[in-house]
Amino acid sequence: MLNYFLKRLAALVPTVFFVTLIIFGLQQLLPGDAALILAGEEQDPEVIAYLQKKMHLDEPLPVRYAYWIGGVLQGDLGESLRIQEPVLGLIKDKLPVTLQLAGMAMVIALLVGIPAGIVSAVGKDTAWDYVANMVALWGLSTPNFWLGILLILLFSVSLGWLPASGYVSPFEDLWGNLAAMIMPAFVLGNGIAAVLMRHTRSAMLQVLSADYVRTARAKGLGERTVVLKHGLRNAMTPIITLGALEFGTLLSGAVLTEQVFSIPGFGKLIVDAVFNRDYAVIQGVVLFTSSVYILLNLMADMAYFLVNPRLRG
Amino acid sequence: MAALISSAVISPVIEAREASPAQRAWRRLLRRRGAMLGLFFVVFFVLMAIFAPLIAPYDPIATSWSAVRKAPSWEYLFGTDEIGRDVLSRIIWGAQASLMAGLVSVSISMALGIPIGLLAAYLGGWTDSLISRFTDAMLAVPFLILAIALSAFLGPSLGNAMIAIGVSAMPVFIRLTRAQVMAVKVEDYIEAARAVGNPHWRIALRHILPNVLPPLIVQATLSIAAAIIAEASLSFLGLGQQPPAPSWGSMLNTAKNYMDNAPWMAVWPGLSIFLLVLSFNLLGDGLRDALDPRQK
């Protein structure tokens, strides 16, 4: 176990190195002198000189990378030029909001995607299968920002049931928070539910045709026990592993969902940074997201290793 | 009787022998209703984009202060927007941006990803390790977040959005090509091609590439759908097509500010994105079944 973990960890080192190279490389895409661009319209020579010194622009590229990565390794993701605050602090402030949104979206996706996948696999080639596949295709093809707008039109503008935008902390007003978050969470969970449904269907179809399921049926077990106890339990491993990898989709979706519903989270932080040309924040957010994704990937791998006896053997 | 049996058995065999793999795949595709529906709508949108100057009832950027936020009517079938532009004309012209973004971005991904994947698998060793780790790193950055970051640094425009989406989608093609080439390069016919003295470039381009194309075509179709959504997302955020040029994503961005009094502004661009993406997804699913029936 420890050996496997260490091997996986060692394999991550070059990946993380390349991630940092890509993110550092983003800044080199800026056309012309980065300090001139960041100095804004006034082009104050003092500001330009300050930025050049601060960003080590007079040093060769590898030295600049060394300065940047040295800071990152000490938890310094740079400073927002607009707000004059450390990027890591900004991320820490916004992260709980996005984590709540992502958590609620994942719960909705699991509640919709897994049962739909089971029904679709058990009733393969029936009307249920057809309907579940149609719903999955809808989920995969609907831009979530459009779905958000449609839901606002229905539940906020027409019916007046839910607030169209905004955010309230759950510690201040729990019901207000849930009312504000339920629509964005549904919008974000919609696409993930479609992916989970497809994974569940395919894993269940594979498991339900296995010999041990046939044996369970031959023993006279009820269909519900066969499907849920013998089928789903064995199909869950790939579903959970693949579900964990949907984290990237969740964060990408959060950027747009937070924009539609004006939720002050992680996604809105990157969008605001883009418009304020706050490049340090963009780099920090991308680096943080990738690091969490790599970590989740590792955890999914470890979970797969733990629950799969053939790998342990 | 014997003659009847033999003709019934032999004729499909002869037919199958005569048909090329591409023809057989096309026949399988024709039998899939979902894929045909997808193909129909893709052709519909392509024709709409090509003939936009002829079929759009109004100039898509012409404003009219006497027709601000008019509800759908016989004069303006899809209504007008906040500065009196005809929504239908903007939808028709907007198809150009969406389709171009889908096709150009995926062409960029394939033009970069396929040779790199081929190189990694064919050469193996250090080249493969290096390329694989780089691909892992690119895949670790969520697709849209990488596209947003690239667009932000390159500057907002449709061209830069297409480059950003193309580069962000590239690792999928590297990984898929690499996996396919790894499987094909150990086949006997590749060994035979090597044994008769074919140079490496000829083996790679003439013998390996054609045999790894079917899954790449399927992936390309599905990637076009993802690229169209990505372009709409970037335009929605203001990083894609710039005003006043029409784009479905930027139309939705404006529409969200007028939901109370002009809901039609949000319905039509979203529906267009949905239909076009759904069409490519249906076509991609159908192509997967037609080109590789084992994956059905």
# chains A, B, ... in the order shown; residues from 1 in each chain; ligands from 1
$ interface_residues --of "chain A" --to "chain B" --cutoff "6 Å" --atoms "only C-alpha atoms" --output "compact mmCIF listing (two decimals) with C-alpha atoms, in the first residue's frame"
# COMPACT_ATOMS: atom_id res chain seq x y z
CA THR A 15 3.18 16.43 -13.79
CA PHE A 18 4.78 20.83 -16.03
CA VAL A 19 1.61 22.39 -14.55
CA LEU A 29 1.66 35.18 -23.77
CA LEU A 30 1.04 38.84 -22.92
CA SER A 141 -25.92 19.55 -24.56
CA THR A 142 -27.43 22.35 -22.45
CA TRP A 146 -28.67 29.22 -20.50
CA GLY A 248 -12.80 19.85 -13.14
CA SER A 252 -15.45 25.09 -14.87
CA VAL A 274 -9.88 38.60 -16.17
CA SER A 290 -5.01 22.20 -10.86
$ residues_around --residues "Pro246 in chain B" --least-positions-apart "2" --cutoff "12 Å" --atoms "only C-alpha atoms" --output "PDB file with C-alpha atoms, in the first residue's frame"
ATOM      1  CA  ALA B  49     -24.242  30.060 -41.690  1.00  0.00           C
ATOM      2  CA  ALA B  52     -26.638  34.115 -43.808  1.00  0.00           C
ATOM      3  CA  ASP B  59     -28.738  43.666 -40.996  1.00  0.00           C
ATOM      4  CA  PRO B  60     -27.591  41.924 -37.757  1.00  0.00           C
ATOM      5  CA  ILE B  61     -25.801  45.022 -36.443  1.00  0.00           C
ATOM      6  CA  ALA B  62     -28.231  47.699 -37.619  1.00  0.00           C
ATOM      7  CA  ASP B  81     -32.940  43.322 -28.637  1.00  0.00           C
ATOM      8  CA  ARG B  85     -31.520  44.776 -33.618  1.00  0.00           C
ATOM      9  CA  ASP B  86     -33.434  41.855 -35.141  1.00  0.00           C
ATOM     10  CA  VAL B  87     -32.817  38.746 -33.004  1.00  0.00           C
ATOM     11  CA  LEU B  88     -33.517  36.297 -35.867  1.00  0.00           C
ATOM     12  CA  SER B  89     -30.888  37.972 -38.091  1.00  0.00           C
ATOM     13  CA  ARG B  90     -28.368  37.864 -35.248  1.00  0.00           C
ATOM     14  CA  ILE B  91     -29.150  34.171 -34.650  1.00  0.00           C
ATOM     15  CA  ILE B  92     -28.598  33.404 -38.344  1.00  0.00           C
ATOM     16  CA  TRP B  93     -25.302  35.316 -38.481  1.00  0.00           C
ATOM     17  CA  GLY B  94     -24.283  34.004 -35.062  1.00  0.00           C
ATOM     18  CA  ALA B  95     -24.221  30.480 -36.484  1.00  0.00           C
ATOM     19  CA  GLN B  96     -21.055  31.490 -38.353  1.00  0.00           C
ATOM     20  CA  ALA B  97     -19.164  32.282 -35.136  1.00  0.00           C
ATOM     21  CA  SER B  98     -20.302  29.104 -33.387  1.00  0.00           C
ATOM     22  CA  LEU B 158     -13.013  35.272 -31.487  1.00  0.00           C
ATOM     23  CA  ALA B 232     -20.460  30.377 -26.240  1.00  0.00           C
ATOM     24  CA  SER B 235     -18.449  34.966 -25.457  1.00  0.00           C
ATOM     25  CA  PHE B 236     -20.920  34.942 -22.551  1.00  0.00           C
ATOM     26  CA  GLY B 240     -14.998  35.605 -27.379  1.00  0.00           C
ATOM     27  CA  GLN B 241     -16.703  37.376 -30.261  1.00  0.00           C
ATOM     28  CA  GLN B 242     -16.656  41.117 -29.555  1.00  0.00           C
ATOM     29  CA  PRO B 243     -19.670  43.424 -30.009  1.00  0.00           C
ATOM     30  CA  PRO B 244     -21.348  44.413 -32.217  1.00  0.00           C
ATOM     31  CA  TRP B 248     -25.029  33.382 -29.414  1.00  0.00           C
ATOM     32  CA  GLY B 249     -22.990  33.491 -26.191  1.00  0.00           C
ATOM     33  CA  SER B 250     -22.713  37.286 -26.099  1.00  0.00           C
ATOM     34  CA  MET B 251     -26.429  37.578 -26.972  1.00  0.00           C
ATOM     35  CA  LEU B 252     -27.188  35.539 -23.834  1.00  0.00           C
ATOM     36  CA  ASN B 253     -24.889  37.744 -21.769  1.00  0.00           C
ATOM     37  CA  THR B 254     -26.882  40.815 -22.792  1.00  0.00           C
ATOM     38  CA  PRO B 269     -29.708  32.066 -28.693  1.00  0.00           C
TER      39      PRO B 269
END
$ residues_around --residues "Phe261 in chain A" --least-positions-apart "4" --cutoff "7 Å" --atoms "only C-alpha atoms" --output "ChimeraX atom specification"
/A:164-166,184,257
$ write_last_selection --atoms "C-alpha atoms" --output "JSON list (two decimals), in the first residue's frame"
[["chain", "number", "residue", "atom", "x", "y", "z"],
["A", 164, "ALA", "CA", -32.79, 35.58, -9.01],
["A", 165, "SER", "CA", -29.30, 36.30, -7.69],
["A", 166, "GLY", "CA", -27.19, 37.06, -4.65],
["A", 184, "PRO", "CA", -27.41, 27.45, -9.13],
["A", 257, "THR", "CA", -23.02, 29.59, -12.83]]
$ residues_around --residues "Thr80 in chain B" --least-positions-apart "5" --cutoff "8 Å" --atoms "only C-alpha atoms" --output "tab-separated table (two decimals) with C-alpha atoms, in the first residue's frame"
chain	number	residue	atom	x	y	z
B	67	ALA	CA	-37.89	48.94	-32.43
B	68	VAL	CA	-36.25	48.50	-29.02
B	69	ARG	CA	-37.16	45.23	-27.23
B	70	LYS	CA	-40.10	44.41	-29.52
B	71	ALA	CA	-41.77	41.07	-28.73
B	72	PRO	CA	-41.85	38.42	-31.50
B	85	ARG	CA	-31.52	44.78	-33.62
B	86	ASP	CA	-33.43	41.86	-35.14
B	87	VAL	CA	-32.82	38.75	-33.00
B	265	MET	CA	-33.78	37.69	-26.05
$ residues_around --residues "range 73-78 of chain A" --least-positions-apart "4" --cutoff "9 Å" --atoms "only C-alpha atoms" --output "PyMOL selection string"
chain A and resi 68-69+85-88+280-281+283-285+287
$ write_last_selection --atoms "C-alpha atoms" --output "mmCIF file, in the first residue's frame"
data_model
loop_
_atom_site.group_PDB
_atom_site.id
_atom_site.type_symbol
_atom_site.label_atom_id
_atom_site.label_comp_id
_atom_site.auth_asym_id
_atom_site.auth_seq_id
_atom_site.Cartn_x
_atom_site.Cartn_y
_atom_site.Cartn_z
ATOM 1 C CA TRP A 68 7.908 32.582 -8.928
ATOM 2 C CA ILE A 69 8.058 28.891 -7.977
ATOM 3 C CA GLU A 85 -4.118 41.594 -1.250
ATOM 4 C CA PRO A 86 -2.368 38.216 -1.319
ATOM 5 C CA VAL A 87 -3.948 35.887 -3.911
ATOM 6 C CA LEU A 88 -4.036 32.950 -1.480
ATOM 7 C CA ALA A 280 -1.555 37.173 -10.627
ATOM 8 C CA VAL A 281 -5.054 36.220 -9.464
ATOM 9 C CA GLN A 283 -2.461 32.396 -12.342
ATOM 10 C CA GLY A 284 -3.154 31.724 -8.655
ATOM 11 C CA VAL A 285 -6.665 30.424 -9.296
ATOM 12 C CA LEU A 287 -2.630 26.807 -10.016
#
$ select_by_dssp --residues "range 73-261 of chain B" --states "alpha helix (DSSP H)" --output "JSON, numbers by chain"
{"B": [87, 88, 89, 90, 91, 92, 93, 94, 95, 96, 97, 98, 99, 100, 101, 102, 103, 104, 105, 106, 107, 108, 109, 110, 111, 112, 113, 114, 115, 116, 117, 118, 119, 120, 121, 122, 123, 125, 126, 127, 128, 129, 130, 131, 132, 133, 134, 135, 136, 137, 138, 139, 140, 143, 144, 145, 146, 147, 148, 149, 150, 151, 152, 153, 154, 158, 159, 160, 161, 162, 163, 164, 165, 166, 167, 168, 169, 170, 171, 172, 173, 174, 175, 176, 177, 178, 179, 180, 181, 182, 183, 184, 188, 189, 190, 191, 192, 193, 194, 195, 200, 201, 202, 209, 210, 211, 212, 213, 214, 215, 216, 217, 218, 219, 220, 221, 222, 223, 224, 225, 226, 227, 228, 229, 230, 231, 232, 233, 234, 235, 236, 237, 248, 249, 250, 251, 252, 253, 254, 255]}
$ decode --residues "range 124-276 of chain A" --atoms "C-alpha atoms" --output "PDB file, in the first residue's frame"
ATOM      1  CA  LYS A 124     -32.078  -1.694 -21.359  1.00  0.00           C
ATOM      2  CA  ASP A 125     -33.769  -0.979 -24.723  1.00  0.00           C
ATOM      3  CA  THR A 126     -37.083  -0.143 -23.027  1.00  0.00           C
ATOM      4  CA  ALA A 127     -38.876   3.211 -22.899  1.00  0.00           C
ATOM      5  CA  TRP A 128     -37.158   3.952 -19.535  1.00  0.00           C
ATOM      6  CA  ASP A 129     -33.738   3.471 -21.120  1.00  0.00           C
ATOM      7  CA  TYR A 130     -34.736   5.709 -24.009  1.00  0.00           C
ATOM      8  CA  VAL A 131     -36.024   8.466 -21.700  1.00  0.00           C
ATOM      9  CA  ALA A 132     -32.946   8.287 -19.421  1.00  0.00           C
ATOM     10  CA  ASN A 133     -30.632   8.527 -22.447  1.00  0.00           C
ATOM     11  CA  MET A 134     -32.574  11.512 -23.751  1.00  0.00           C
ATOM     12  CA  VAL A 135     -32.287  13.234 -20.356  1.00  0.00           C
ATOM     13  CA  ALA A 136     -28.527  12.544 -20.334  1.00  0.00           C
ATOM     14  CA  LEU A 137     -28.159  13.994 -23.835  1.00  0.00           C
ATOM     15  CA  TRP A 138     -30.129  17.059 -22.708  1.00  0.00           C
ATOM     16  CA  GLY A 139     -27.796  17.453 -19.726  1.00  0.00           C
ATOM     17  CA  LEU A 140     -24.679  17.144 -21.880  1.00  0.00           C
ATOM     18  CA  SER A 141     -25.916  19.553 -24.556  1.00  0.00           C
ATOM     19  CA  THR A 142     -27.428  22.346 -22.450  1.00  0.00           C
ATOM     20  CA  PRO A 143     -25.115  25.269 -21.745  1.00  0.00           C
ATOM     21  CA  ASN A 144     -25.506  25.723 -17.986  1.00  0.00           C
ATOM     22  CA  PHE A 145     -25.599  29.525 -18.236  1.00  0.00           C
ATOM     23  CA  TRP A 146     -28.667  29.224 -20.496  1.00  0.00           C
ATOM     24  CA  LEU A 147     -30.343  26.772 -18.150  1.00  0.00           C
ATOM     25  CA  GLY A 148     -29.643  29.239 -15.329  1.00  0.00           C
ATOM     26  CA  ILE A 149     -31.314  32.066 -17.247  1.00  0.00           C
ATOM     27  CA  LEU A 150     -34.349  29.876 -18.052  1.00  0.00           C
ATOM     28  CA  LEU A 151     -34.753  28.866 -14.397  1.00  0.00           C
ATOM     29  CA  ILE A 152     -34.495  32.504 -13.291  1.00  0.00           C
ATOM     30  CA  LEU A 153     -37.203  33.363 -15.843  1.00  0.00           C
ATOM     31  CA  LEU A 154     -39.466  30.633 -14.465  1.00  0.00           C
ATOM     32  CA  PHE A 155     -38.861  30.584 -10.716  1.00  0.00           C
ATOM     33  CA  SER A 156     -37.881  34.187 -10.080  1.00  0.00           C
ATOM     34  CA  VAL A 157     -39.450  36.366 -12.769  1.00  0.00           C
ATOM     35  CA  SER A 158     -42.700  34.441 -13.436  1.00  0.00           C
ATOM     36  CA  LEU A 159     -43.442  32.605 -10.185  1.00  0.00           C
ATOM     37  CA  GLY A 160     -41.450  34.745  -7.762  1.00  0.00           C
ATOM     38  CA  TRP A 161     -40.561  31.707  -5.644  1.00  0.00           C
ATOM     39  CA  LEU A 162     -36.775  32.042  -5.507  1.00  0.00           C
ATOM     40  CA  PRO A 163     -34.312  34.960  -5.554  1.00  0.00           C
ATOM     41  CA  ALA A 164     -32.794  35.576  -9.006  1.00  0.00           C
ATOM     42  CA  SER A 165     -29.303  36.297  -7.691  1.00  0.00           C
ATOM     43  CA  GLY A 166     -27.194  37.063  -4.650  1.00  0.00           C
ATOM     44  CA  TYR A 167     -25.767  35.133  -1.752  1.00  0.00           C
ATOM     45  CA  VAL A 168     -26.499  34.943   1.977  1.00  0.00           C
ATOM     46  CA  SER A 169     -24.189  33.126   4.369  1.00  0.00           C
ATOM     47  CA  PRO A 170     -25.786  29.970   5.855  1.00  0.00           C
ATOM     48  CA  PHE A 171     -24.626  31.169   9.302  1.00  0.00           C
ATOM     49  CA  GLU A 172     -26.737  34.315   8.934  1.00  0.00           C
ATOM     50  CA  ASP A 173     -29.864  32.872   7.320  1.00  0.00           C
ATOM     51  CA  LEU A 174     -29.920  29.153   6.497  1.00  0.00           C
ATOM     52  CA  TRP A 175     -33.214  29.166   4.579  1.00  0.00           C
ATOM     53  CA  GLY A 176     -32.243  32.299   2.692  1.00  0.00           C
ATOM     54  CA  ASN A 177     -28.969  30.617   1.792  1.00  0.00           C
ATOM     55  CA  LEU A 178     -30.674  27.444   0.567  1.00  0.00           C
ATOM     56  CA  ALA A 179     -33.221  29.460  -1.427  1.00  0.00           C
ATOM     57  CA  ALA A 180     -30.401  31.384  -3.118  1.00  0.00           C
ATOM     58  CA  MET A 181     -28.266  28.298  -3.798  1.00  0.00           C
ATOM     59  CA  ILE A 182     -30.783  25.678  -4.925  1.00  0.00           C
ATOM     60  CA  MET A 183     -31.152  26.968  -8.505  1.00  0.00           C
ATOM     61  CA  PRO A 184     -27.407  27.453  -9.131  1.00  0.00           C
ATOM     62  CA  ALA A 185     -26.731  24.011  -7.606  1.00  0.00           C
ATOM     63  CA  PHE A 186     -29.301  22.380  -9.872  1.00  0.00           C
ATOM     64  CA  VAL A 187     -27.843  24.152 -12.914  1.00  0.00           C
ATOM     65  CA  LEU A 188     -24.332  23.032 -12.015  1.00  0.00           C
ATOM     66  CA  GLY A 189     -25.406  19.484 -11.114  1.00  0.00           C
ATOM     67  CA  ASN A 190     -27.367  19.011 -14.343  1.00  0.00           C
ATOM     68  CA  GLY A 191     -24.348  18.316 -16.583  1.00  0.00           C
ATOM     69  CA  ILE A 192     -22.599  16.137 -13.969  1.00  0.00           C
ATOM     70  CA  ALA A 193     -25.816  14.110 -13.490  1.00  0.00           C
ATOM     71  CA  ALA A 194     -25.762  13.323 -17.215  1.00  0.00           C
ATOM     72  CA  VAL A 195     -22.144  12.120 -17.053  1.00  0.00           C
ATOM     73  CA  LEU A 196     -22.822  10.060 -13.900  1.00  0.00           C
ATOM     74  CA  MET A 197     -25.890   8.525 -15.521  1.00  0.00           C
ATOM     75  CA  ARG A 198     -23.815   7.361 -18.493  1.00  0.00           C
ATOM     76  CA  HIS A 199     -21.052   5.973 -16.232  1.00  0.00           C
ATOM     77  CA  THR A 200     -23.605   4.199 -14.018  1.00  0.00           C
ATOM     78  CA  ARG A 201     -25.450   2.721 -16.999  1.00  0.00           C
ATOM     79  CA  SER A 202     -22.284   1.393 -18.575  1.00  0.00           C
ATOM     80  CA  ALA A 203     -20.885   0.018 -15.252  1.00  0.00           C
ATOM     81  CA  MET A 204     -24.230  -1.588 -14.339  1.00  0.00           C
ATOM     82  CA  LEU A 205     -24.618  -3.203 -17.774  1.00  0.00           C
ATOM     83  CA  GLN A 206     -21.183  -4.749 -17.372  1.00  0.00           C
ATOM     84  CA  VAL A 207     -21.868  -5.969 -13.820  1.00  0.00           C
ATOM     85  CA  LEU A 208     -25.384  -7.259 -14.521  1.00  0.00           C
ATOM     86  CA  SER A 209     -24.041  -9.589 -17.212  1.00  0.00           C
ATOM     87  CA  ALA A 210     -21.429 -11.081 -14.825  1.00  0.00           C
ATOM     88  CA  ASP A 211     -21.599 -14.714 -13.712  1.00  0.00           C
ATOM     89  CA  TYR A 212     -22.087 -13.898 -10.014  1.00  0.00           C
ATOM     90  CA  VAL A 213     -25.220 -11.888 -10.816  1.00  0.00           C
ATOM     91  CA  ARG A 214     -26.580 -14.840 -12.802  1.00  0.00           C
ATOM     92  CA  THR A 215     -25.799 -17.062  -9.803  1.00  0.00           C
ATOM     93  CA  ALA A 216     -27.602 -14.641  -7.463  1.00  0.00           C
ATOM     94  CA  ARG A 217     -30.662 -14.760  -9.711  1.00  0.00           C
ATOM     95  CA  ALA A 218     -30.449 -18.576  -9.944  1.00  0.00           C
ATOM     96  CA  LYS A 219     -30.470 -18.745  -6.131  1.00  0.00           C
ATOM     97  CA  GLY A 220     -33.893 -17.125  -6.295  1.00  0.00           C
ATOM     98  CA  LEU A 221     -32.978 -13.694  -4.910  1.00  0.00           C
ATOM     99  CA  GLY A 222     -35.411 -10.889  -5.633  1.00  0.00           C
ATOM    100  CA  GLU A 223     -34.591  -8.516  -8.516  1.00  0.00           C
ATOM    101  CA  ARG A 224     -34.221  -5.559  -6.126  1.00  0.00           C
ATOM    102  CA  THR A 225     -31.580  -7.415  -4.061  1.00  0.00           C
ATOM    103  CA  VAL A 226     -29.775  -8.574  -7.202  1.00  0.00           C
ATOM    104  CA  VAL A 227     -29.646  -5.085  -8.700  1.00  0.00           C
ATOM    105  CA  LEU A 228     -28.886  -3.064  -5.579  1.00  0.00           C
ATOM    106  CA  LYS A 229     -26.838  -5.470  -3.453  1.00  0.00           C
ATOM    107  CA  HIS A 230     -24.959  -7.493  -6.051  1.00  0.00           C
ATOM    108  CA  GLY A 231     -25.066  -5.124  -9.011  1.00  0.00           C
ATOM    109  CA  LEU A 232     -24.777  -1.572  -7.717  1.00  0.00           C
ATOM    110  CA  ARG A 233     -22.298  -2.367  -4.957  1.00  0.00           C
ATOM    111  CA  ASN A 234     -19.835  -3.723  -7.533  1.00  0.00           C
ATOM    112  CA  ALA A 235     -20.557  -1.016 -10.068  1.00  0.00           C
ATOM    113  CA  MET A 236     -19.989   1.778  -7.539  1.00  0.00           C
ATOM    114  CA  THR A 237     -16.170   1.633  -7.653  1.00  0.00           C
ATOM    115  CA  PRO A 238     -15.738   2.938 -11.220  1.00  0.00           C
ATOM    116  CA  ILE A 239     -18.660   5.331 -10.720  1.00  0.00           C
ATOM    117  CA  ILE A 240     -17.071   6.961  -7.654  1.00  0.00           C
ATOM    118  CA  THR A 241     -13.618   7.059  -9.270  1.00  0.00           C
ATOM    119  CA  LEU A 242     -14.932   8.665 -12.439  1.00  0.00           C
ATOM    120  CA  GLY A 243     -17.242  10.916 -10.421  1.00  0.00           C
ATOM    121  CA  ALA A 244     -14.245  12.307  -8.504  1.00  0.00           C
ATOM    122  CA  LEU A 245     -12.665  13.240 -11.823  1.00  0.00           C
ATOM    123  CA  GLU A 246     -15.709  15.366 -12.652  1.00  0.00           C
ATOM    124  CA  PHE A 247     -14.337  17.936 -10.221  1.00  0.00           C
ATOM    125  CA  GLY A 248     -12.803  19.848 -13.138  1.00  0.00           C
ATOM    126  CA  THR A 249     -16.173  20.072 -14.866  1.00  0.00           C
ATOM    127  CA  LEU A 250     -17.698  21.224 -11.590  1.00  0.00           C
ATOM    128  CA  LEU A 251     -15.219  24.089 -11.207  1.00  0.00           C
ATOM    129  CA  SER A 252     -15.450  25.087 -14.870  1.00  0.00           C
ATOM    130  CA  GLY A 253     -19.231  25.123 -14.560  1.00  0.00           C
ATOM    131  CA  ALA A 254     -19.042  27.116 -11.322  1.00  0.00           C
ATOM    132  CA  VAL A 255     -17.323  29.968 -13.191  1.00  0.00           C
ATOM    133  CA  LEU A 256     -20.372  30.432 -15.416  1.00  0.00           C
ATOM    134  CA  THR A 257     -23.021  29.585 -12.829  1.00  0.00           C
ATOM    135  CA  GLU A 258     -21.624  32.092 -10.331  1.00  0.00           C
ATOM    136  CA  GLN A 259     -21.609  34.694 -13.092  1.00  0.00           C
ATOM    137  CA  VAL A 260     -25.283  34.106 -13.961  1.00  0.00           C
ATOM    138  CA  PHE A 261     -26.478  34.113 -10.335  1.00  0.00           C
ATOM    139  CA  SER A 262     -24.000  36.792  -9.103  1.00  0.00           C
ATOM    140  CA  ILE A 263     -22.576  34.474  -6.437  1.00  0.00           C
ATOM    141  CA  PRO A 264     -19.354  35.871  -4.948  1.00  0.00           C
ATOM    142  CA  GLY A 265     -17.333  32.657  -5.187  1.00  0.00           C
ATOM    143  CA  PHE A 266     -14.180  31.248  -6.704  1.00  0.00           C
ATOM    144  CA  GLY A 267     -15.541  31.390 -10.270  1.00  0.00           C
ATOM    145  CA  LYS A 268     -16.495  35.034  -9.985  1.00  0.00           C
ATOM    146  CA  LEU A 269     -13.006  35.739  -8.623  1.00  0.00           C
ATOM    147  CA  ILE A 270     -11.366  34.513 -11.857  1.00  0.00           C
ATOM    148  CA  VAL A 271     -13.890  36.326 -14.093  1.00  0.00           C
ATOM    149  CA  ASP A 272     -13.406  39.602 -12.214  1.00  0.00           C
ATOM    150  CA  ALA A 273      -9.638  39.073 -12.395  1.00  0.00           C
ATOM    151  CA  VAL A 274      -9.878  38.601 -16.175  1.00  0.00           C
ATOM    152  CA  PHE A 275     -11.707  41.914 -16.602  1.00  0.00           C
ATOM    153  CA  ASN A 276      -9.447  43.761 -14.168  1.00  0.00           C
TER     154      ASN A 276
END
